$ cat model19.txt   # compact mmCIF, C-alpha atoms
# COMPACT_ATOMS: atom_id res chain seq x y z
CA MET I 35 197.79 73.10 2.85
CA LYS I 36 197.43 75.43 5.80
CA VAL I 37 193.77 76.09 6.58
CA ASN I 38 192.88 79.48 7.99
CA THR I 39 190.82 78.46 11.02
CA ASN I 40 189.61 82.01 11.53
CA SER I 41 188.01 82.57 8.12
CA ASN I 42 184.22 82.95 8.06
CA THR I 43 183.72 80.03 5.65
CA TYR I 44 185.71 77.70 7.88
CA ILE I 45 183.80 78.79 10.99
CA ILE I 46 180.41 78.29 9.33
CA ILE I 47 181.27 74.86 7.90
CA TYR I 48 182.82 73.86 11.24
CA SER I 49 179.72 74.83 13.22
CA VAL I 50 177.32 73.11 10.82
CA ILE I 51 179.24 69.82 10.89
CA MET I 52 179.61 69.98 14.66
CA VAL I 53 175.90 70.59 15.24
CA VAL I 54 174.86 67.78 12.88
CA ILE I 55 177.20 65.26 14.54
CA VAL I 56 176.05 66.19 18.04
CA ALA I 57 172.36 66.12 17.02
CA VAL I 58 172.66 62.64 15.52
CA LEU I 59 174.56 61.37 18.55
CA LEU I 60 171.99 62.66 21.03
CA ALA I 61 169.03 61.47 18.98
CA VAL I 62 170.47 57.95 18.80
CA ALA I 63 171.12 57.91 22.55
CA ALA I 64 167.65 59.22 23.40
CA LEU I 65 165.91 56.72 21.13
CA GLY I 66 168.06 53.81 22.24
CA LEU I 67 167.58 54.41 25.95
CA ALA I 68 163.90 55.44 25.84
CA PRO I 69 162.38 51.96 26.39
CA ARG I 70 164.49 51.41 29.51
CA GLN I 71 163.60 54.85 30.87
CA GLN I 72 159.87 54.29 30.26
CA GLU I 73 160.11 50.97 32.02
CA ASN I 74 161.84 52.59 35.01
CA MET I 75 159.12 55.22 35.28
CA LEU I 76 156.37 52.61 35.08
CA ASN I 77 158.07 50.44 37.70
CA GLU I 78 158.44 53.40 40.01
CA LYS I 79 154.70 54.10 39.81
CA LYS I 80 153.87 50.45 40.48
CA THR I 81 156.27 50.41 43.44
CA GLN I 82 154.61 53.47 44.94
CA ILE I 83 151.12 51.98 44.49
CA VAL I 84 152.18 48.78 46.27
CA LYS I 85 153.83 50.87 49.00
CA ALA I 86 150.65 52.92 49.48
CA LEU I 87 148.78 49.69 50.24
CA GLY I 88 151.18 49.12 53.10
CA GLU I 89 152.99 46.24 51.39
CA ASP I 90 156.72 45.94 50.83
CA PRO I 91 157.39 46.39 47.08
CA ALA I 92 160.54 44.27 47.40
CA THR I 93 158.53 41.14 48.18
CA VAL I 94 155.02 41.90 46.89
CA ALA I 95 154.51 42.26 43.15
CA TYR I 96 152.15 44.87 41.74
CA ASP I 97 150.21 42.25 39.78
CA SER I 98 149.54 40.17 42.88
CA VAL I 99 147.76 42.96 44.79
CA ILE I 100 146.11 45.11 42.10
CA THR I 101 143.20 43.35 40.42
CA LYS I 102 142.35 46.08 37.94
CA ALA I 103 143.18 49.64 36.95
CA VAL I 104 140.34 51.86 35.77
CA ILE I 105 139.59 55.40 34.71
CA LEU I 106 136.44 56.92 36.23
CA ASP I 107 134.45 59.94 35.09
CA GLN I 108 132.90 62.57 37.39
CA THR I 109 129.88 60.35 38.13
CA GLY I 110 132.08 57.49 39.30
CA ALA I 111 131.34 55.38 36.22
CA VAL I 112 134.16 53.37 34.66
CA VAL I 113 135.15 54.79 31.27
CA SER I 114 138.23 52.69 30.61
CA GLU I 115 139.84 49.53 31.94
CA ASP I 116 142.90 49.70 29.73
CA VAL I 117 146.00 49.48 31.94
CA SER I 118 148.26 51.42 29.57
CA GLU I 119 145.65 54.18 29.32
CA VAL I 120 145.49 54.40 33.13
CA PHE I 121 149.26 54.77 33.43
CA ALA I 122 149.25 57.31 30.59
CA ALA I 123 146.69 59.32 32.59
CA LEU I 124 149.09 59.26 35.58
CA ASN I 125 151.80 60.90 33.51
CA ASP I 126 149.70 64.06 33.26
CA LEU I 127 147.55 63.78 36.36
CA LYS I 128 146.71 67.48 36.47
CA GLY I 129 145.42 67.38 32.88
CA SER I 130 143.54 64.12 33.46
CA PHE I 131 141.79 65.54 36.53
CA ALA I 132 140.85 68.67 34.56
CA ALA I 133 139.42 66.48 31.79
CA ASN I 134 137.32 64.54 34.32
CA ARG I 135 139.35 61.38 33.90
CA PHE I 136 140.19 59.91 37.29
CA PRO I 137 142.54 56.91 37.37
CA LEU I 138 141.97 54.43 40.20
CA PHE I 139 143.61 51.15 41.15
CA VAL I 140 141.39 48.46 42.61
CA ALA I 141 143.17 46.00 44.89
CA THR I 142 141.98 42.89 46.65
CA SER I 143 142.18 44.81 49.93
CA GLY I 144 140.95 48.25 48.89
CA VAL I 145 141.60 51.00 46.35
CA VAL I 146 144.54 53.26 45.54
CA ALA I 147 143.94 56.79 44.26
CA PRO I 148 146.66 59.09 42.92
CA LEU I 149 147.12 62.53 44.47
CA TYR I 150 148.38 65.75 42.92
CA GLY I 151 148.64 69.19 44.51
CA ALA I 152 150.80 72.19 45.29
CA GLY I 153 153.39 72.42 48.07
CA LEU I 154 155.33 75.52 48.99
CA TRP I 155 157.89 75.56 46.17
CA GLY I 156 156.43 73.25 43.58
CA PRO I 157 154.11 70.34 42.90
CA ILE I 158 153.56 67.54 45.39
CA TRP I 159 152.02 64.18 44.54
CA GLY I 160 151.51 60.69 45.82
CA TYR I 161 149.08 57.82 46.27
CA ILE I 162 146.54 57.14 49.00
CA ALA I 163 145.16 53.66 49.68
CA LEU I 164 141.73 53.16 51.29
CA ASP I 165 140.41 49.95 52.76
CA THR I 166 137.41 48.16 51.22
CA ASP I 167 135.12 50.31 53.39
CA MET I 168 136.34 53.31 51.31
CA ASN I 169 136.98 55.10 54.60
CA THR I 170 139.97 53.76 56.52
CA VAL I 171 143.39 54.83 55.22
CA LYS I 172 145.58 51.80 54.56
CA GLY I 173 148.60 53.89 53.70
CA ILE I 174 149.95 56.87 51.83
CA VAL I 175 152.95 57.68 49.71
CA LEU I 176 153.96 61.32 49.26
CA ASP I 177 156.59 62.85 47.03
CA HIS I 178 157.65 66.34 46.01
CA SER I 179 159.92 68.11 43.59
CA GLY I 180 161.39 70.97 45.60
CA GLU I 181 160.22 71.24 49.20
CA THR I 182 162.82 72.35 51.77
CA PRO I 183 164.98 69.43 52.98
CA GLY I 184 164.42 68.78 56.68
CA LEU I 185 161.20 70.83 56.71
CA GLY I 186 158.55 70.41 53.98
CA ALA I 187 160.45 67.51 52.46
CA GLU I 188 159.78 65.51 55.64
CA ILE I 189 156.46 64.46 54.05
CA THR I 190 158.42 61.78 52.20
CA THR I 191 159.71 60.11 55.37
CA PRO I 192 158.19 56.77 56.48
CA LYS I 193 157.75 58.30 59.95
CA HIS I 194 155.40 60.98 58.64
CA GLN I 195 153.54 58.67 56.28
CA ALA I 196 152.95 56.10 59.04
CA MET I 197 150.75 58.60 60.90
CA TYR I 198 148.01 58.38 58.24
CA VAL I 199 147.48 54.64 58.63
CA GLY I 200 144.16 53.84 60.32
CA LYS I 201 142.77 57.37 59.98
CA SER I 202 139.38 57.76 58.29
CA VAL I 203 138.38 60.15 55.52
CA TYR I 204 134.58 60.12 55.98
CA GLU I 205 132.72 61.95 58.76
CA ASN I 206 129.30 60.26 58.47
CA ASP I 207 128.48 61.00 54.81
CA GLN I 208 130.86 63.93 54.42
CA LEU I 209 134.18 63.24 52.72
CA VAL I 210 136.50 65.37 54.89
CA GLY I 211 139.87 63.86 54.03
CA ILE I 212 142.86 64.16 56.38
CA THR I 213 144.05 67.45 57.82
CA LEU I 214 147.63 68.08 58.90
CA LYS I 215 147.08 69.97 62.13
CA LYS I 216 149.62 72.61 63.13
CA GLY I 217 150.70 72.09 66.75
CA GLY I 218 149.79 68.40 66.67
CA ALA I 219 146.66 66.38 65.93
CA GLU I 220 143.85 66.45 68.49
CA LYS I 221 143.80 63.24 70.51
CA GLY I 222 141.28 60.75 69.16
CA ASN I 223 140.38 62.80 66.07
CA PRO I 224 140.37 60.29 63.19
CA HIS I 225 140.70 62.96 60.49
CA GLN I 226 143.87 64.65 61.71
CA VAL I 227 147.60 63.96 61.74
CA ASP I 228 150.49 66.13 63.04
CA ALA I 229 151.61 68.85 60.67
CA ILE I 230 155.32 69.20 59.97
CA THR I 231 157.13 71.62 62.26
CA GLY I 232 158.46 74.43 60.09
CA GLY I 233 156.64 73.05 57.08
CA THR I 234 153.23 74.60 57.55
CA LYS I 235 152.71 75.63 53.92
CA THR I 236 153.67 72.19 52.67
CA SER I 237 151.41 70.60 55.30
CA ASP I 238 148.49 72.80 54.21
CA GLY I 239 149.21 71.76 50.62
CA VAL I 240 149.05 68.08 51.57
CA SER I 241 145.74 68.58 53.43
CA ALA I 242 144.22 70.42 50.44
CA MET I 243 145.59 67.82 48.00
CA ILE I 244 144.08 64.88 49.91
CA SER I 245 140.65 66.48 50.24
CA ASP I 246 140.58 67.81 46.63
CA CYS I 247 141.70 64.58 45.01
CA LEU I 248 139.53 62.26 47.13
CA ASN I 249 136.49 64.40 46.31
CA TYR I 250 137.01 63.61 42.61
CA TYR I 251 136.34 59.97 43.52
CA LYS I 252 133.46 60.70 45.93
CA PRO I 253 130.69 59.37 43.63
CA TYR I 254 132.59 56.08 43.26
CA PHE I 255 133.29 55.82 47.01
CA ASP I 256 129.66 56.71 47.86
CA ALA I 257 128.37 54.05 45.49
CA ALA I 258 130.74 51.45 46.95
CA ARG I 259 129.73 52.41 50.49
CA ALA I 260 126.00 52.30 49.61
CA ALA I 261 126.47 48.89 48.01
CA ALA I 262 128.26 47.62 51.12
CA THR I 263 125.49 48.93 53.39
CA ALA I 264 122.76 47.45 51.14
CA GLU I 265 124.54 44.12 51.28
CA VAL I 266 124.64 44.19 55.08
CA GLU I 267 120.94 45.14 55.19
CA ALA I 268 120.00 42.44 52.71
CA GLU I 269 121.90 39.94 54.83
CA SER I 270 120.10 41.00 58.02
CA ASN I 271 116.76 40.86 56.14
CA THR I 272 117.36 37.29 55.08
CA LEU I 273 118.27 36.48 58.65
CA ASN I 274 115.05 38.06 59.91
CA GLU I 275 112.82 36.16 57.53
CA MET Q 242 202.95 56.21 32.94
CA ALA Q 243 205.38 59.07 32.81
CA SER Q 244 205.72 60.96 36.05
CA LYS Q 245 204.67 64.20 34.34
CA SER Q 246 201.39 62.64 33.18
CA LEU Q 247 200.82 61.19 36.62
CA LYS Q 248 201.21 64.64 38.10
CA ASN Q 249 198.20 65.80 36.03
CA LEU Q 250 196.17 63.18 37.82
CA THR Q 251 197.40 63.74 41.38
CA ALA Q 252 197.86 67.52 41.56
CA PRO Q 253 194.11 68.31 41.57
CA LEU Q 254 193.53 65.92 44.46
CA SER Q 255 195.19 68.24 46.96
CA GLY Q 256 197.68 70.95 45.94
CA ASN Q 257 195.58 72.20 43.03
CA ASN Q 258 192.16 70.99 44.17
CA PRO Q 259 189.39 72.55 42.05
CA VAL Q 260 187.05 73.25 44.99
CA ILE Q 261 189.29 74.29 47.86
CA VAL Q 262 192.21 75.81 45.94
CA GLN Q 263 190.79 76.99 42.60
CA ILE Q 264 187.43 77.70 44.33
CA LEU Q 265 185.41 76.35 41.40
CA GLY Q 266 182.15 74.39 41.47
CA ILE Q 267 181.05 75.78 44.83
CA CYS Q 268 177.37 76.09 43.86
CA SER Q 269 176.84 72.40 43.20
CA ALA Q 270 178.94 71.56 46.26
CA LEU Q 271 176.28 73.35 48.30
CA ALA Q 272 173.33 71.80 46.51
CA VAL Q 273 173.92 68.06 46.41
CA THR Q 274 175.75 67.42 49.67
CA VAL Q 275 172.81 66.88 52.05
CA GLN Q 276 173.33 63.12 51.69
CA LEU Q 277 176.33 60.99 50.76
CA LYS Q 278 174.81 58.97 47.94
CA PRO Q 279 173.84 61.83 45.59
CA ALA Q 280 177.15 63.56 46.41
CA ILE Q 281 179.12 60.53 45.22
CA VAL Q 282 177.04 60.13 42.08
CA MET Q 283 177.35 63.83 41.31
CA GLY Q 284 181.12 63.63 41.85
CA LEU Q 285 181.45 60.65 39.51
CA SER Q 286 179.22 62.25 36.86
CA VAL Q 287 181.30 65.41 36.92
CA MET Q 288 184.47 63.30 36.69
CA VAL Q 289 183.19 61.54 33.57
CA VAL Q 290 182.18 64.82 31.98
CA THR Q 291 185.44 66.68 32.80
CA ALA Q 292 187.51 63.73 31.58
CA PHE Q 293 185.73 63.32 28.27
CA SER Q 294 185.18 67.00 27.55
CA ASN Q 295 188.90 67.51 28.16
CA LEU Q 296 189.70 64.58 25.87
CA VAL Q 297 187.39 65.70 23.07
CA MET Q 298 188.43 69.35 23.22
CA SER Q 299 192.09 68.37 23.30
CA LEU Q 300 191.61 66.24 20.17
CA LEU Q 301 189.83 69.13 18.48
CA ARG Q 302 192.17 71.83 19.77
CA ASN Q 303 194.07 72.42 16.53
CA GLY Q 304 190.94 72.69 14.39
CA VAL Q 305 188.74 74.76 16.65
CA PRO Q 306 188.34 78.30 15.32
CA SER Q 307 189.47 80.41 18.27
CA ARG Q 308 186.70 82.95 17.66
CA ILE Q 309 183.97 80.41 18.46
CA ARG Q 310 185.92 78.19 20.81
CA ILE Q 311 183.70 78.93 23.84
CA ILE Q 312 180.61 77.93 21.83
CA VAL Q 313 182.30 74.73 20.67
CA GLN Q 314 183.24 73.94 24.29
CA LEU Q 315 179.65 74.51 25.38
CA VAL Q 316 178.25 72.21 22.71
CA VAL Q 317 180.70 69.44 23.56
CA ILE Q 318 180.08 69.73 27.32
CA ALA Q 319 176.30 70.02 26.96
CA ALA Q 320 176.16 66.96 24.69
CA LEU Q 321 178.20 64.92 27.19
CA VAL Q 322 176.02 66.03 30.10
CA ILE Q 323 172.82 65.10 28.27
CA LEU Q 324 174.35 61.69 27.55
CA VAL Q 325 175.23 61.20 31.24
CA ASP Q 326 171.70 62.27 32.21
CA GLN Q 327 170.08 59.84 29.77
CA VAL Q 328 172.28 56.97 30.96
CA LEU Q 329 171.52 57.71 34.62
CA LYS Q 330 167.78 57.80 33.84
CA ALA Q 331 167.99 54.45 32.10
CA PHE Q 332 170.20 52.56 34.54
CA VAL Q 333 170.04 54.18 38.00
CA TYR Q 334 166.62 55.79 37.95
CA ASP Q 335 166.22 56.51 41.68
CA VAL Q 336 169.60 58.23 41.82
CA SER Q 337 168.78 60.35 38.79
CA LYS Q 338 165.52 61.33 40.48
CA GLN Q 339 167.41 62.51 43.54
CA LEU Q 340 169.87 64.51 41.47
CA SER Q 341 167.02 65.92 39.34
CA VAL Q 342 168.09 69.32 38.06
CA TYR Q 343 171.67 69.11 39.27
CA VAL Q 344 172.71 66.80 36.47
CA GLY Q 345 171.71 69.49 34.00
CA LEU Q 346 173.67 71.93 36.11
CA ILE Q 347 176.92 70.04 35.42
CA ILE Q 348 176.88 72.02 32.16
CA THR Q 349 177.30 75.21 34.13
CA ASN Q 350 179.83 73.69 36.54
CA CYS Q 351 182.79 76.02 36.23
CA ILE Q 352 185.28 73.17 36.75
CA VAL Q 353 184.35 71.59 33.43
CA MET Q 354 184.77 74.69 31.30
CA GLY Q 355 187.61 75.97 33.46
CA ARG Q 356 189.71 72.86 32.81
CA VAL Q 357 188.90 72.80 29.09
CA GLU Q 358 189.87 76.43 28.69
CA ALA Q 359 192.92 76.34 30.99
CA PHE Q 360 194.31 72.89 30.21
CA ALA Q 361 192.81 70.87 27.37
CA LEU Q 362 193.26 73.56 24.69
CA GLN Q 363 197.04 73.63 25.30
CA ASN Q 364 197.80 69.97 26.07
CA LYS Q 365 197.84 66.52 24.49
CA PRO Q 366 194.71 64.31 24.72
CA TRP Q 367 196.10 61.78 27.23
CA ASP Q 368 197.35 64.49 29.63
CA SER Q 369 194.05 66.33 29.29
CA PHE Q 370 192.08 63.17 30.00
CA LEU Q 371 194.09 62.56 33.18
CA ASP Q 372 193.70 66.19 34.20
CA GLY Q 373 189.93 65.78 33.79
CA ILE Q 374 189.86 62.61 35.89
CA GLY Q 375 192.04 64.24 38.54
CA ASN Q 376 189.89 67.36 38.77
CA GLY Q 377 186.72 65.27 38.87
CA LEU Q 378 188.16 63.17 41.68
CA GLY Q 379 189.34 66.27 43.54
CA TYR Q 380 185.83 67.69 43.28
CA ALA Q 381 184.21 64.40 44.29
CA SER Q 382 186.49 64.02 47.34
CA ILE Q 383 185.49 67.42 48.71
CA LEU Q 384 181.79 66.67 48.05
CA VAL Q 385 182.11 63.41 49.98
CA ILE Q 386 183.75 65.11 52.95
CA ILE Q 387 181.04 67.80 53.08
CA ALA Q 388 178.22 65.27 52.61
CA PHE Q 389 179.68 63.04 55.35
CA PHE Q 390 179.39 65.81 57.96
CA ARG Q 391 176.06 67.14 56.68
CA GLU Q 392 174.33 63.77 56.60
CA LEU Q 393 175.81 62.58 59.91
CA LEU Q 394 175.09 65.75 61.88
CA GLY Q 395 171.97 66.81 59.98
CA SER Q 396 170.08 63.53 59.72
CA GLY Q 397 172.05 61.14 61.97
CA THR Q 398 172.52 58.72 59.07
CA LEU Q 399 175.20 57.71 56.54
CA PHE Q 400 174.11 56.38 53.13
CA GLY Q 401 170.61 56.37 54.65
CA PHE Q 402 171.61 53.97 57.45
CA ARG Q 403 171.03 55.20 61.00
CA ILE Q 404 174.29 55.92 62.81
CA ILE Q 405 173.04 57.90 65.79
CA PRO Q 406 170.72 55.58 67.74
CA GLU Q 407 167.01 56.39 67.68
CA SER Q 408 166.92 56.24 71.52
CA TRP Q 409 169.26 59.23 71.86
CA TYR Q 410 166.72 61.61 70.39
CA LEU Q 411 164.64 64.02 72.49
CA ALA Q 412 161.43 62.63 71.00
CA GLU Q 413 162.35 59.20 72.34
CA GLY Q 414 163.34 60.58 75.74
CA GLY Q 415 167.03 61.05 74.94
CA PHE Q 416 169.25 64.12 74.94
CA TYR Q 417 170.15 64.59 71.27
CA SER Q 418 168.61 66.40 68.33
CA ASN Q 419 169.81 66.78 64.75
CA CYS Q 420 171.40 70.03 63.66
CA GLY Q 421 168.77 71.39 61.28
CA LEU Q 422 171.17 74.03 59.96
CA MET Q 423 173.29 71.24 58.43
CA LEU Q 424 170.49 70.58 55.94
CA PHE Q 425 170.72 74.09 54.53
CA PRO Q 426 173.24 75.28 51.92
CA PRO Q 427 174.94 77.92 54.12
CA MET Q 428 176.30 75.17 56.36
CA ALA Q 429 177.97 73.55 53.34
CA LEU Q 430 179.75 76.84 52.70
CA ILE Q 431 180.94 76.93 56.32
CA ILE Q 432 182.23 73.34 56.01
CA VAL Q 433 184.04 74.27 52.78
CA GLY Q 434 185.61 77.14 54.72
CA CYS Q 435 186.75 74.77 57.47
CA ILE Q 436 188.22 72.34 54.93
CA ILE Q 437 190.13 75.19 53.25
CA TRP Q 438 191.40 76.31 56.66
CA ALA Q 439 192.60 72.82 57.60
CA HIS Q 440 194.07 72.23 54.13
CA ARG Q 441 196.04 75.49 54.11
CA SER Q 442 197.40 75.02 57.59
CA PHE Q 443 199.00 71.77 56.35
CA ASN Q 444 200.09 73.22 52.99
CA LYS Q 445 202.00 76.35 53.98
CA ASP Q 446 202.92 77.16 50.37
CA LEU Q 447 199.25 77.86 49.60
CA GLN Q 448 198.98 80.56 52.24
CA GLU Q 449 198.87 84.10 50.88
CA LYS Q 450 201.40 86.45 52.41

$ encode --input "model19.txt" --output "structure tokens"
Amino acid sequence: MKVNTNSNTYIIIYSVIMVVIVAVLLAVAALGLAPRQQENMLNEKKTQIVKALGEDPATVAYDSVITKAVILDQTGAVVSEDVSEVFAALNDLKGSFAANRFPLFVATSGVVAPLYGAGLWGPIWGYIALDTDMNTVKGIVLDHSGETPGLGAEITTPKHQAMYVGKSVYENDQLVGITLKKGGAEKGNPHQVDAITGGTKTSDGVSAMISDCLNYYKPYFDAARAAATAEVEAESNTLNE
Amino acid sequence: MASKSLKNLTAPLSGNNPVIVQILGICSALAVTVQLKPAIVMGLSVMVVTAFSNLVMSLLRNGVPSRIRIIVQLVVIAALVILVDQVLKAFVYDVSKQLSVYVGLIITNCIVMGRVEAFALQNKPWDSFLDGIGNGLGYASILVIIAFFRELLGSGTLFGFRIIPESWYLAEGGFYSNCGLMLFPPMALIIVGCIIWAHRSFNKDLQEK
């Protein structure tokens, strides 16, 4: 029997069957590969957190440096210590910040806070690690979705990220963050690093992102700093007695 | 393998190269060639998609209603691209992150649809499959050549490894600085132009009178 491949009935039946087959195929593939993809995304986040602490993710495991992952509210109080909830909050960091849920990773040697902000062409994000004094930067990891290669995208290079190490985010009791200074950081200023030549807008975005995001955690940092000071005072009191 | 089938595989590598002779797929050749690694992955992904979309469309060619054949081609190609994207995400996550939107853009790569429309709908499955592999390889080879020059001259590295010594750079007291223009798409277009120039001066039959 010769089928007329140009009749309307044939075309409709053909399209319906084709769409159903393709839909089933794609659904199976998406479901089958989902666990692996989720795992990859989780591993990538863990790698970046370890990197922010200045450790090499190839040799240092996430579990060996991070003691706990928490979600803080706007007063710095811990609202959740559930690891999967913390990583879920990272998936929509913008929404979590808006809902006053601030994920934080506590390490043996400091804390790691996620960052999220706007570059020139699209979102930028990353992680910043502070030492146990909640002031000294241990390291930073920055990433972007569409900054200009060779200009704004330079924020992802190890060379740029190395400049933040050892800088401090507090000026007395003011949380000032780190500013990317156009024309080069002033000598001896602990709150400035060099901006990227030709990437001024991206640099401004990074400065704003660091100060905005760290301020979300200010109550927690302040409390930790006060506790540290009280401890030192208590120690000197005991010595005096 | 019959010599005629083999010709389907080898012709697109040089004499009928999709990028420098058919001038297809230029947009993605500009976008993913800043570094070698994503260029190679993009080339291989396109090769897989052209090969299998050619194969599938060639198998379907007698049943496809000609009035909706473009739509059928799109569905087949889009499904294959989504599959490639999902597989990359699951098995080579960092590469898929670098390629980001470009994987999705394989769907709009003119080579894929161009070969289906021009070759697979008139030829047997095996020939079409080889034609797809050949065109994918032809595309990949040009991408690799462009990416080689762009990464070497633009960043001083190859596959991320430093080729031009750090001490040569002005910042380190040397005399050299990277060519920033190499990182931008227009330079890729200029390199494509140079490749076409060199290619045509060796293949006189391609020169227009």

$ interface_residues --input "model19.txt" --of "chain I" --to "chain Q" --cutoff "9 Å" --atoms "all atoms listed in the file" --output "PyMOL selection string"
chain I and resi 37-41+44-45+48-49+52-53+56-57+59-60+63-64+67-75+78+179+182-185

$ closest_residue --input "model19.txt" --among "Q:Leu394, Q:Ala361, Q:Ile431, Q:Ile383" --to "Leu296 in chain Q" --atoms "all atoms listed in the file"
Q:Ala361

$ residues_around --input "model19.txt" --residues "range 250-257 of chain I" --least-positions-apart "6" --cutoff "8 Å" --atoms "only C-alpha atoms" --output "PyMOL selection string"
chain I and resi 106+108-111+131+136+168+209

$ atom_distance --input "model19.txt" --atom1 "CA of Asp238 in chain I" --atom2 "CA of Leu214 in chain I"
6.7 Å

$ residues_around --input "model19.txt" --residues "Gly88 in chain I" --least-positions-apart "4" --cutoff "9 Å" --atoms "all atoms listed in the file" --output "mmCIF file with C-alpha atoms, keeping the file's coordinate frame"
data_model
loop_
_atom_site.group_PDB
_atom_site.id
_atom_site.type_symbol
_atom_site.label_atom_id
_atom_site.label_comp_id
_atom_site.auth_asym_id
_atom_site.auth_seq_id
_atom_site.Cartn_x
_atom_site.Cartn_y
_atom_site.Cartn_z
ATOM 1 C CA VAL I 84 152.180 48.780 46.270
ATOM 2 C CA ALA I 163 145.160 53.660 49.680
ATOM 3 C CA LYS I 172 145.580 51.800 54.560
ATOM 4 C CA GLY I 173 148.600 53.890 53.700
ATOM 5 C CA ILE I 174 149.950 56.870 51.830
ATOM 6 C CA VAL I 199 147.480 54.640 58.630
#

$ closest_residue --input "model19.txt" --among "I:Asn206, I:Lys128, I:Ala258, I:Pro192" --to "Val140 in chain I" --atoms "all atoms listed in the file"
I:Ala258

$ closest_residue --input "model19.txt" --among "I:Glu89, I:Ala152, I:Asp107, I:Val171" --to "Ala132 in chain I" --atoms "all atoms listed in the file"
I:Asp107

$ closest_residue --input "model19.txt" --among "Q:Asn376, Q:Ser269, Q:Asn295, Q:Thr349" --to "Gln363 in chain Q" --atoms "only C-alpha atoms"
Q:Asn295

$ atom_distance --input "model19.txt" --atom1 "CA of Tyr204 in chain I" --atom2 "CA of Asn169 in chain I"
5.7 Å

$ atom_distance --input "model19.txt" --atom1 "CA of Asp228 in chain I" --atom2 "CA of Leu393 in chain Q"
25.8 Å

$ closest_residue --input "model19.txt" --among "Q:Pro427, Q:Pro279, Q:Gly355, Q:Gly415" --to "Pro259 in chain Q" --atoms "all atoms listed in the file"
Q:Gly355

$ closest_residue --input "model19.txt" --among "I:Gln82, I:Val62, I:Val50, I:Gly200" --to "Ala147 in chain I" --atoms "all atoms listed in the file"
I:Gln82

$ residues_around --input "model19.txt" --residues "Gly222 in chain I" --least-positions-apart "4" --cutoff "12 Å" --atoms "only C-alpha atoms" --output "list in words"
Gly200, Lys201, Ser202, Gly218, Gln226 and Val227 of chain I

$ residues_around --input "model19.txt" --residues "Met354 in chain Q" --least-positions-apart "2" --cutoff "9 Å" --atoms "all atoms listed in the file" --output "ChimeraX atom specification"
/Q:291,294-295,311,314-315,318,348-352,356-359

$ residues_around --input "model19.txt" --residues "Met283 in chain Q" --least-positions-apart "5" --cutoff "12 Å" --atoms "all atoms listed in the file" --output "VMD selection string"
chain Q and resid 266 269 to 274 276 to 278 288 to 290 322 325 to 326 329 336 to 337 339 to 347 350 377 to 378 380 to 385 388
